[in-house]
Structures are given as structure tokens and as C-alpha cells.
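Everything below concerns the one structure shown next.
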Amino acid sequence: MGYGRSVKRMMKCLLCACDGQIGACCHSGCPGTMSPIGVRLYIQDRHVMMDNGLVQVTLSNPDGIVTGIRYNDIDNLLEGLNDESNRGYWDVVWNSPDGGKSGVFEVIKGTDFKVIKETDDQVEISFSRPWDPSLQGKLVPLNIDKRFILLRGCSGFYSYAIYEHVGSPEWPAFSIGETRIAFKLRKVDRFHYMAVADNRQRFMPLPDDRMPARCQRLAFAEAVFLSNPVEPELRGEVDDKYQYSCDNKDNKVHGWISMDPPVGFWQITPSDEFRSGGPVKQNLTSHVGPTTLAMFLSSHYAGDDLTPNFAQGEAWRKVFGPVFIYVNSVMPGEDPVALWDDAKIQMQHEVQSWPYSFPASEDFPSADQRGNVSGRLLVQDKYISDDHIPANGAYVGLAPPGEAGSWQRECKNYQFWAKSDDNGYFSINNIRVGDYNLYAWVPGFIGDYLYETPISITPGCNIDVDEIVYQPPRDGPTLWEIGIPDRTAAEFFVPEPNPKFINKLFVNHPDKFRQYGLWDRYSELYPKDDLVYVAGESNYSKDWFFAQVPRRKEDGSYQGTTWQIRFKLDSVNQGGTYKLRIAIASATLAEVQVRVNNPSTNRPLFTTGLIGRDNSIARHGIHGLYWLYIIDIQGNQLVQGDNTIYLGQPRNQSPFQGIMYDYIRLEAPPN
């Protein structure tokens, strides 16, 4: 059956499922017409089942663990061989500074089951777990209310949760390393094909392939070399869950496909408002298991900066979700991979339906209880243009009050972001009531914008900030520059991987940086002498290695590296101040020391000190957290003719200690 006929069938499903629908999930995902029955709730001693004729969802009572998902004559899409507590669950990783608890992994289990809403059109159920001081050191100090929703004619279900740390002295200090929803799907006979993006989908290894008899562990536990996989065609590949990570802004839908019968299982996140770290914070998606994750809080690609810390008695309350678990199928004979295209259609519908109207909790405000902010962002840089420049493709957002750029380390509250159009116009919609600052950053320009006037959102407000102007850091004309200021190192030279350690998906792929072991390639390309870049002659896409990492020595130890930027000056303003601007896209327990025209000075002209824990080099990211440094170089430190700036990275205890640069620029004194 051709793709056109497949689309027609999907549209037929969509139309039949929309009739009388009260919320999102207009698309039924079914190969035929929807069941005429409404939503039914069946309560037993140890289980609760929601059924709308398309999908049945079974949860443990009162734990609130998803133990079964029945769909399209498959009795359970989840792994029935797993214990019931290890199929579909909310979890949290937490730390207790006073009790010595660190990295405690806890599957969140309810102690009280309650029916919130039960009609033919909707069932919403709650599995809550209160906390009191008798549980200190045993459970994360949070009141947690997990909710699950099934709608009429909906090929899937929703889940959200309300976390609360009460503002009274008996509630102890703690921190959250991670919280998420995880689903473990049927592995042997069902879900082998994974899709994260149009160009990131493939048949995946089995979990057995990651067992010691079938693989070799590489530099860290998550990365393995498949030496004897069940499917021989996978032999010689590398598997690592971090190869499938994704920026929040792009992490809307991902999941798995069963080829026979053709069924898809998808995790759809319609909004980023409850995620931490802003639009370019990276998170895990799906990986070998088969496992699908909805990540809400994590320190991945950021480190402790994205670990929320709560003081004793600090009041905090937040809603995570709702997210949507969508299941779909195609007619016999159709290409099962078309399920990915259908899942993207469903994702768009969920995004357009946000905020949902159907969640029953008063903690989740509907559209009429929210506000909107719009305006136009312009850039003023007189060394580029005499006129204001429209901020094309800028990321403009509202986040809790703070300094410029503080949003990327904000991890307790809500954020709301939009992307400006070609002319710099933006509209940020459906913002929760509260006090915010407006932040922005503009690809092509360094630094962060902060709108100085605080913004208070009230129900139904429409605030127009009119034209606002960002003046990026700039003192004088550009003498030379390296890279593109876009907060990634993607434009720099990313080498071919060691052919012994590849993931075939990323061969001839634009995300070549996701291959394993690229950090070791630096030592092979520069076995003795470090990188030298000649301004005006070198090409940063070929001559600037994407990460400044230590060099591996013959004895297996590592040594720090010093890169050189060589440049000529026709004349020097001896009494002026030159500005060296270094934008960093990632740092992992690293340091940048800057010296000018003398690599041997005892003290560098400037040092960042030890910075960063984002671990993006090891985790195949091309960026982590953003850092911007401005270094004054006095004119008497430069000479007419040949000059050299030395960038030293001395930290060398691990191959992953390093820097990814975003952009470097040297400015002359102002005209």
C-alpha cells in the first residue's frame, strides 16, 4: 500500500476519533474505526484498569505502576517477564546532605488510590504518596501525586505528577538528581526498531547483546562494543544510550516500532515548560531495553548546576507533565516505519492542544488562566551594521528572575520559550501566572540578553514589550574570529571515528559527533605537537578540532594541551586595550589558560579556573552549558607583525577533561 493511501487511512481514523472529543488525542492511531464505547474503569484489590475500547491500561493498586498496556490484540506492550514494578513507572534519584544519602534511586509508589474523574468521556485516577518525618532517609521528602488519564476515542493515555516540598521546618534539605517516567517494552518478540528523529532511527541491539558474553565494555559502562550480538549484522558496532540524546526543543516524540504485528509505542512531550535548563538542555530519549523515557529533571550534559537543591523547610510545588503515551498501527501490508510519520502528526496535534483542558488538578492551569508575551527583538552592533538588525531565529523566553543567562542553570520552576521569526518578532504563549524575567540569545551573536523590566503574568494577559534591543558584547572592530556563535562546536572539525568503534547509523550523518571515541582521535592527529591555527589562512571546519582534550601518551597517561592562534597585525595601538572574547560550548573539569606571545610565563594572562561538569565529550554531545569570557590584552603585549595567543588546557586526569569552544574573537581597541 502506498504512502498516499496510508495517509488517507490515517485521516479516516482521525475523523472518526474526533467526534465528541473533549481534549487532545484527536487522532485515534487505529487501523479501523474507533470503538463506540466510552471509557470504563475497573477496580480490583491489587490492580486498576482503564479501557476505552482502543487501549487498556492496567496499573498496580495502590502503587500506581503501569503493569500492562493492551492494544491491537497484543495482550501487553510492556515486558511481562519483568517484575510488575519494572514496566512503566515514575522514578526519582535524590540526595540527602544531612543523612549521607547520595544517588538514591527510588521508584515512586503510591499509598493511596483515588478516582478523580469518571465519565464516558474521561477517566482520571490518582496514586498519591504523602511524606512525613518518620520517613526521613527512607523516601524522597516529597508529597507526590501521580495522575493517569484516559480519554474516549484516544489511542493512548496521559500522565502527570504533582511534587511538593512543604514549607515547614520538619521537611529536610535534599536535592533531586533526576526524575522521569520509564517504560520497558517487550524485547524478544516485539519492539526492535527505534526512532528518535527523521535521521536517527534504526534496528537496535537487544538487551542481551549488552551482557558480558556478547559485548565488551568500553571507556564507561554505557558504551559497549558488540562482539557477539544475537543479530550478526550488528557485530562490531558500538551501542551507547547517550548517542540518542536530544535538545529539549527537539525532544517532542520518540519511541519504538514492532514490525509484526506493526505497532508503534511513542512518548510525546507537548511542552517544555516543566523541563529544566531551557530549550537547548539535552536529555535522554529512548535506548536499548527497549526503553522509552520522559525526562523532566536531569544533570545530563550540565552537571550539578542542573540539580535542584532544596533547603530545610523550603516550600516548592511543581507539576511535571502531562505527557502522552501514544500507540498506533497500520493496515497489513503497509510499511511499519510509516508509524513514525503518524506519531509526528500526533505530536503536532498534542503541541497545538497545549495547555490541555482536561486535567482535573487545580495545579494545572487551563489556557484562560495563563498569559502571553509578544514583541520584537533587534540587535545593535555598529561594527556590523549602522541599522538595527532583526534577531532572526532568536530564542526568547520567560524564566524565573535572575541575571542574564541564568535560565540555563534554572531547574526548580517553569520556563516558556519561543523562537523569533526572520524579522525578530516573537510570541510566547500560555505562560503560567507568576513573576518572570524575559531572556534571549541570538544565533550569530555572543552573550545573553536580559530585559530589565520584570514581567508579571496574570490570567488572560497579553503583554506587548514592543521593540527591544540587544547590544551584544562588543568594544571594537573584529581583527579575526574562529567559529560561529551558536553555542555548539558543530561547525568545527569532527574526525572520522576509529573504524573499529562505530555506530553505523552515524556514518555519513550530519551528527558525526555522536560516534564513540572521537576524543582519542586528537592524539592520533596530533601525536607530538598541538593544534596551530593561523588566522586568515586556516579553515575552522578543517583545522580546529571540535574539542580541546588531553593527549594520550605512550604509557597510557594523559598530558594537557596548548593550542596556538597565530595572527599578524599591521599596526598596534600600544596604549589601547584589545578584547579577546572566548565563548565556550562545553566544559568538563577543565581550564583554559590564556597567554600572549610567551607560552612559558609562570602566570597566564587569564584563566577560567576549573570549570564545568557537563561531560558532553564522553556523552557524544556537541555542547553542554554555555560560558563567555572577556580577556583584556593591553596593546604593549602585542607586536607589529606576528603574534600568538596560547590556549592551554592543563587538566589531564581523564580523557574527557576538555573544552568545546563555541566562538573566539579578537577585537581591536574602539575606533
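Here, A, B, ... name the chains of the C-alpha cells in the order displayed, residue numbers run from 1 inside each chain, and ligands are numbered from 1 in the same displayed order.
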Quiz prompt | Every residue of stretch 138-279 of chain A that DSSP places in helix (DSSP H, G or I), as a PyMOL selection string | solution = chain A and resi 207-210+232-234+241-244+248-250
Expected file: the selected residues, all heavy atoms, as a short mmCIF file (atom, residue, chain, number, x, y, z; two decimals), in the first residue's frame:
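Result file out-v4.cif:
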data_model
loop_
_atom_site.label_atom_id
_atom_site.label_comp_id
_atom_site.auth_asym_id
_atom_site.auth_seq_id
_atom_site.Cartn_x
_atom_site.Cartn_y
_atom_site.Cartn_z
N PRO A 207 18.72 -6.21 24.56
CA PRO A 207 19.38 -6.03 25.86
C PRO A 207 20.37 -7.14 26.15
O PRO A 207 21.38 -6.91 26.82
CB PRO A 207 18.21 -6.00 26.85
CG PRO A 207 17.04 -6.53 26.12
CD PRO A 207 17.25 -6.23 24.68
N ASP A 208 20.11 -8.34 25.65
CA ASP A 208 21.06 -9.45 25.85
C ASP A 208 22.41 -9.16 25.21
O ASP A 208 23.44 -9.68 25.65
CB ASP A 208 20.49 -10.75 25.28
CG ASP A 208 19.30 -11.27 26.08
OD1 ASP A 208 19.01 -10.70 27.15
OD2 ASP A 208 18.64 -12.22 25.62
N ASP A 209 22.40 -8.33 24.16
CA ASP A 209 23.65 -8.00 23.48
C ASP A 209 24.58 -7.18 24.36
O ASP A 209 25.77 -7.07 24.07
CB ASP A 209 23.36 -7.23 22.19
CG ASP A 209 22.64 -8.07 21.15
OD1 ASP A 209 22.77 -9.31 21.19
OD2 ASP A 209 21.94 -7.48 20.30
N ARG A 210 24.04 -6.60 25.42
CA ARG A 210 24.85 -5.80 26.33
C ARG A 210 25.34 -6.61 27.53
O ARG A 210 25.95 -6.06 28.43
CB ARG A 210 24.06 -4.57 26.79
CG ARG A 210 23.73 -3.59 25.66
CD ARG A 210 22.99 -2.36 26.18
NE ARG A 210 23.74 -1.68 27.21
CZ ARG A 210 24.65 -0.71 27.00
NH1 ARG A 210 24.89 -0.32 25.76
NH2 ARG A 210 25.28 -0.15 28.01
N PRO A 232 23.73 -11.09 13.82
CA PRO A 232 25.13 -10.98 13.39
C PRO A 232 25.47 -9.67 12.68
O PRO A 232 26.61 -9.21 12.75
CB PRO A 232 25.30 -12.18 12.44
CG PRO A 232 24.23 -13.15 12.85
CD PRO A 232 23.08 -12.32 13.32
N GLU A 233 24.48 -9.05 11.99
CA GLU A 233 24.80 -7.83 11.25
C GLU A 233 25.17 -6.67 12.16
O GLU A 233 25.70 -5.65 11.70
CB GLU A 233 23.63 -7.43 10.35
CG GLU A 233 22.34 -7.12 11.08
CD GLU A 233 21.42 -8.33 11.20
OE1 GLU A 233 21.94 -9.47 11.15
OE2 GLU A 233 20.21 -8.13 11.35
N LEU A 234 24.92 -6.81 13.47
CA LEU A 234 25.29 -5.75 14.41
C LEU A 234 26.69 -5.94 14.98
O LEU A 234 27.17 -5.08 15.72
CB LEU A 234 24.27 -5.68 15.56
CG LEU A 234 22.82 -5.37 15.19
CD1 LEU A 234 21.94 -5.35 16.44
CD2 LEU A 234 22.72 -4.05 14.46
N LYS A 241 23.55 4.63 25.02
CA LYS A 241 22.28 5.36 25.06
C LYS A 241 22.45 6.85 24.84
O LYS A 241 21.52 7.52 24.36
CB LYS A 241 21.57 5.11 26.39
CG LYS A 241 22.28 5.67 27.62
CD LYS A 241 21.51 5.32 28.89
CE LYS A 241 22.18 5.87 30.14
NZ LYS A 241 21.43 5.51 31.38
N TYR A 242 23.62 7.38 25.16
CA TYR A 242 23.83 8.82 25.00
C TYR A 242 23.94 9.24 23.54
O TYR A 242 23.86 10.43 23.23
CB TYR A 242 25.06 9.27 25.79
CG TYR A 242 24.85 9.19 27.28
CD1 TYR A 242 25.51 8.23 28.05
CD2 TYR A 242 23.97 10.05 27.92
CE1 TYR A 242 25.30 8.15 29.42
CE2 TYR A 242 23.76 9.98 29.28
CZ TYR A 242 24.43 9.02 30.03
OH TYR A 242 24.21 8.94 31.39
N GLN A 243 24.13 8.29 22.64
CA GLN A 243 24.15 8.63 21.22
C GLN A 243 22.78 9.07 20.71
O GLN A 243 22.66 9.61 19.61
CB GLN A 243 24.65 7.44 20.40
CG GLN A 243 26.12 7.12 20.65
CD GLN A 243 26.60 5.91 19.88
OE1 GLN A 243 25.92 4.89 19.79
NE2 GLN A 243 27.79 6.01 19.32
N TYR A 244 21.75 8.85 21.52
CA TYR A 244 20.38 9.17 21.10
C TYR A 244 19.78 10.31 21.93
O TYR A 244 18.57 10.50 21.94
CB TYR A 244 19.52 7.91 21.18
CG TYR A 244 20.11 6.79 20.36
CD1 TYR A 244 20.84 5.76 20.96
CD2 TYR A 244 20.00 6.78 18.98
CE1 TYR A 244 21.42 4.75 20.21
CE2 TYR A 244 20.58 5.78 18.22
CZ TYR A 244 21.29 4.77 18.84
OH TYR A 244 21.87 3.79 18.08
N ASN A 248 16.05 19.68 24.38
CA ASN A 248 14.64 19.78 24.75
C ASN A 248 13.78 20.28 23.60
O ASN A 248 12.67 19.78 23.37
CB ASN A 248 14.48 20.72 25.95
CG ASN A 248 14.84 20.07 27.26
OD1 ASN A 248 14.91 18.85 27.38
ND2 ASN A 248 15.07 20.88 28.28
N LYS A 249 14.27 21.29 22.88
CA LYS A 249 13.47 21.89 21.81
C LYS A 249 13.13 20.90 20.71
O LYS A 249 12.12 21.09 19.99
CB LYS A 249 14.18 23.11 21.22
CG LYS A 249 15.51 22.79 20.55
CD LYS A 249 16.20 24.05 20.05
CE LYS A 249 17.58 23.78 19.51
NZ LYS A 249 17.60 22.83 18.37
N ASP A 250 13.92 19.87 20.55
CA ASP A 250 13.70 18.87 19.51
C ASP A 250 13.15 17.56 20.05
O ASP A 250 12.85 16.64 19.27
CB ASP A 250 15.02 18.59 18.77
CG ASP A 250 15.64 19.85 18.19
OD1 ASP A 250 14.89 20.65 17.62
OD2 ASP A 250 16.86 20.02 18.34
#
_List the spatial neighbours of A:Tyr663 as an NGL selection string - criterion: any atom at most 12 Å away, only C-alpha atoms, same-chain residues fewer than 4 positions off excluded._
:A and (443-447 or 480-492 or 540 or 544 or 546 or 580-586 or 626-630 or 659)
Write out, as a tab-separated table (two decimals), in the first residue's frame, the residues just selected, with C-alpha atoms.
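Output file selection12.tsv is given in full below:
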chain	number	residue	atom	x	y	z
A	443	PRO	CA	22.46	32.72	16.97
A	444	GLY	CA	25.22	34.65	15.27
A	445	PHE	CA	25.89	36.86	18.29
A	446	ILE	CA	27.63	36.11	21.58
A	447	GLY	CA	26.18	36.64	25.01
A	480	TRP	CA	39.81	37.82	13.41
A	481	GLU	CA	37.26	35.24	14.55
A	482	ILE	CA	37.02	31.47	14.78
A	483	GLY	CA	33.74	29.61	14.53
A	484	ILE	CA	30.08	30.61	14.58
A	485	PRO	CA	28.49	31.91	17.79
A	486	ASP	CA	25.68	29.36	18.07
A	487	ARG	CA	26.52	27.71	21.43
A	488	THR	CA	27.74	24.49	19.82
A	489	ALA	CA	31.01	23.18	18.41
A	490	ALA	CA	29.24	21.59	15.45
A	491	GLU	CA	30.95	23.79	12.86
A	492	PHE	CA	34.45	22.66	13.84
A	540	TYR	CA	37.96	26.24	11.30
A	544	TRP	CA	40.07	23.44	14.54
A	546	PHE	CA	35.98	20.15	17.92
A	580	LEU	CA	39.71	38.57	23.37
A	581	ARG	CA	36.26	37.01	23.65
A	582	ILE	CA	36.03	33.28	24.24
A	583	ALA	CA	32.64	31.59	24.13
A	584	ILE	CA	32.67	28.01	25.40
A	585	ALA	CA	30.07	25.45	24.36
A	586	SER	CA	31.07	22.76	26.87
A	626	TYR	CA	27.49	27.98	27.79
A	627	TRP	CA	30.29	30.12	29.19
A	628	LEU	CA	31.52	33.51	27.97
A	629	TYR	CA	34.82	35.13	28.94
A	630	ILE	CA	36.23	38.52	28.04
A	659	ILE	CA	36.72	22.21	26.35
For A:Ile502, please output as a PDB file with C-alpha atoms, in the first residue's frame all residues within 9 Å (counting only C-alpha atoms; exclusion window: fewer than 5 positions along the same chain).
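That gives us around_8.pdb:
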ATOM      1  CA  PHE A 225      31.314  -2.977  21.738  1.00  0.00           C
ATOM      2  CA  GLY A 236      31.420  -4.716  15.502  1.00  0.00           C
ATOM      3  CA  GLU A 237      29.151  -1.785  16.335  1.00  0.00           C
ATOM      4  CA  VAL A 238      29.084   0.389  19.430  1.00  0.00           C
ATOM      5  CA  ASP A 239      25.924   0.908  21.466  1.00  0.00           C
ATOM      6  CA  PRO A 497      35.709   7.598  14.116  1.00  0.00           C
ATOM      7  CA  VAL A 507      28.225   7.014   9.156  1.00  0.00           C
ATOM      8  CA  GLN A 515      30.270   8.476  17.226  1.00  0.00           C
ATOM      9  CA  TYR A 516      32.164   6.844  20.068  1.00  0.00           C
ATOM     10  CA  GLY A 517      35.800   7.577  20.895  1.00  0.00           C
TER      11      GLY A 517
END
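Residue nearest A:Phe191 within the list A:Glu222, A:Glu314, A:Glu79, A:Glu118: A:Glu79 [criterion: smallest interatomic distance, only C-alpha atoms].
Minimum atom-to-atom distances from A:Glu106, A:Glu170, A:Asp305, A:Glu524 to A:Ser406 were compared using only C-alpha atoms, and the lowest value belongs to A:Asp305.
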- request: Could you give me, as an MDAnalysis selection string, each residue of stretch 270-400 of chain A that DSSP assigns to strand (DSSP E or B) when run on this structure's backbone?
  value: chainID A and resid 282:283 286:287 291:298 309:310 316:329 371:379 389:390 395:399
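Using only C-alpha atoms, the residues found no farther than 12 Å from A:Gln634, other than those of its own chain fewer than 2 positions away, are Val572, Asn573, Gln574, Gly575, Gly576, Thr577, Tyr578, Lys579, Leu580, Val596, Leu605, Ile631, Asp632, Asn636, Gln637, Leu638, Val639, Glu667, Ala668 and Pro669 of chain A.
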Please build the interface table for stretch 216-322 of chain A against stretch 85-93 of chain A with a cut-off of 12 Å, listing for each qualifying residue the nearest atom pair and the distance in Å to one decimal; count only C-alpha atoms, order rows by chain and increasing number, and write it as CSV.
residue,atom,partner,partner_atom,distance
A:Gln267,CA,A:Gly88,CA,12.0
A:Gly289,CA,A:Arg87,CA,10.9
A:Pro290,CA,A:Arg87,CA,10.8
A:Thr291,CA,A:Arg87,CA,9.4
A:Thr292,CA,A:Gly88,CA,9.4
A:Leu293,CA,A:Gly88,CA,9.7
A:Ala294,CA,A:Trp90,CA,9.3
A:Met295,CA,A:Trp90,CA,10.1
A:Phe296,CA,A:Val92,CA,10.0
A:Leu297,CA,A:Val92,CA,9.0
A:Ser298,CA,A:Val93,CA,9.1
A:Ser299,CA,A:Val93,CA,10.7
A:Thr307,CA,A:Val93,CA,10.3
A:Pro308,CA,A:Val93,CA,11.5
A:Phe320,CA,A:Trp90,CA,10.8
A:Gly321,CA,A:Trp90,CA,11.7
Hey, what's within 6 Å of stretch 409-414 of chain A if we count only C-alpha atoms and toss same-chain stuff fewer than 4 positions away? As a PyMOL selection string, please? chain A and resi 273-274+276-277+305-306+308
Just-selected residues, N, CA and C atoms written as a compact mmCIF listing (two decimals), in the first residue's frame:
# COMPACT_ATOMS: atom_id res chain seq x y z
N GLU A 273 7.63 23.40 29.24
CA GLU A 273 7.52 24.33 30.36
C GLU A 273 7.97 23.73 31.68
N PHE A 274 7.83 22.42 31.84
CA PHE A 274 8.16 21.77 33.10
C PHE A 274 9.55 21.15 33.09
N SER A 276 13.75 21.35 32.86
CA SER A 276 14.75 22.28 33.39
C SER A 276 15.73 22.68 32.29
N GLY A 277 16.37 23.85 32.49
CA GLY A 277 17.53 24.21 31.69
C GLY A 277 17.28 24.86 30.36
N ASP A 305 25.02 21.82 38.24
CA ASP A 305 24.32 23.08 38.03
C ASP A 305 22.84 22.87 37.75
N LEU A 306 22.47 21.71 37.24
CA LEU A 306 21.07 21.42 36.94
C LEU A 306 20.48 20.42 37.93
N PRO A 308 18.50 20.54 41.27
CA PRO A 308 17.85 21.47 42.20
C PRO A 308 18.11 21.08 43.65
inquiry  = Give me the residues near A:Leu81 as a ChimeraX atom specification, where near means some atom within 9 Å (using only C-alpha atoms) and where sequence neighbours in that chain fewer than 3 positions away do not count.
reply    = /A:78,84,186
Dump N, CA, C and O atoms for the selected residues as a PDB file, in the first residue's frame?
ATOM      1  N   LEU A  78       4.139  -3.954  27.236  1.00  0.00           N
ATOM      2  CA  LEU A  78       5.255  -3.878  28.175  1.00  0.00           C
ATOM      3  C   LEU A  78       5.848  -5.260  28.408  1.00  0.00           C
ATOM      4  O   LEU A  78       5.225  -6.285  28.101  1.00  0.00           O
ATOM      5  N   GLU A  84       6.417  -6.584  38.026  1.00  0.00           N
ATOM      6  CA  GLU A  84       5.425  -5.546  37.760  1.00  0.00           C
ATOM      7  C   GLU A  84       5.938  -4.147  38.083  1.00  0.00           C
ATOM      8  O   GLU A  84       5.506  -3.168  37.477  1.00  0.00           O
ATOM      9  N   ARG A 186       8.254  -4.882  25.394  1.00  0.00           N
ATOM     10  CA  ARG A 186       8.548  -6.286  25.075  1.00  0.00           C
ATOM     11  C   ARG A 186       9.752  -6.345  24.146  1.00  0.00           C
ATOM     12  O   ARG A 186       9.782  -5.710  23.094  1.00  0.00           O
TER      13      ARG A 186
END
If you count only C-alpha atoms, the residue of A:Asn72, A:Asn52, A:Asn423, A:Ser286 closest to A:Val330 turns out to be A:Asn72
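In this comparison, which uses only C-alpha atoms, the residue of A:Arg200, A:Arg190, A:Lys318, A:Arg370 approaching A:Leu142 most closely is A:Lys318.
Atom CA of A:Phe501 to atom CA of A:Val224 spans 9.3 Å [interatomic distance, one decimal].
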task = Mind checking which residues fall within 10 Å of A:Pro355, counting only C-alpha atoms, ignoring those fewer than 4 positions away in the same chain, and posting them as a PyMOL selection string?
result = chain A and resi 23-24+270-271+322+350-351+359+364-368+370+429-431
Atom CA of A:Leu666 sits from atom CA of A:Lys382 at a separation of 16.2 Å
Students should find that atom CA of A:Ile181 and atom CA of A:Val66 are spaced 10.4 Å
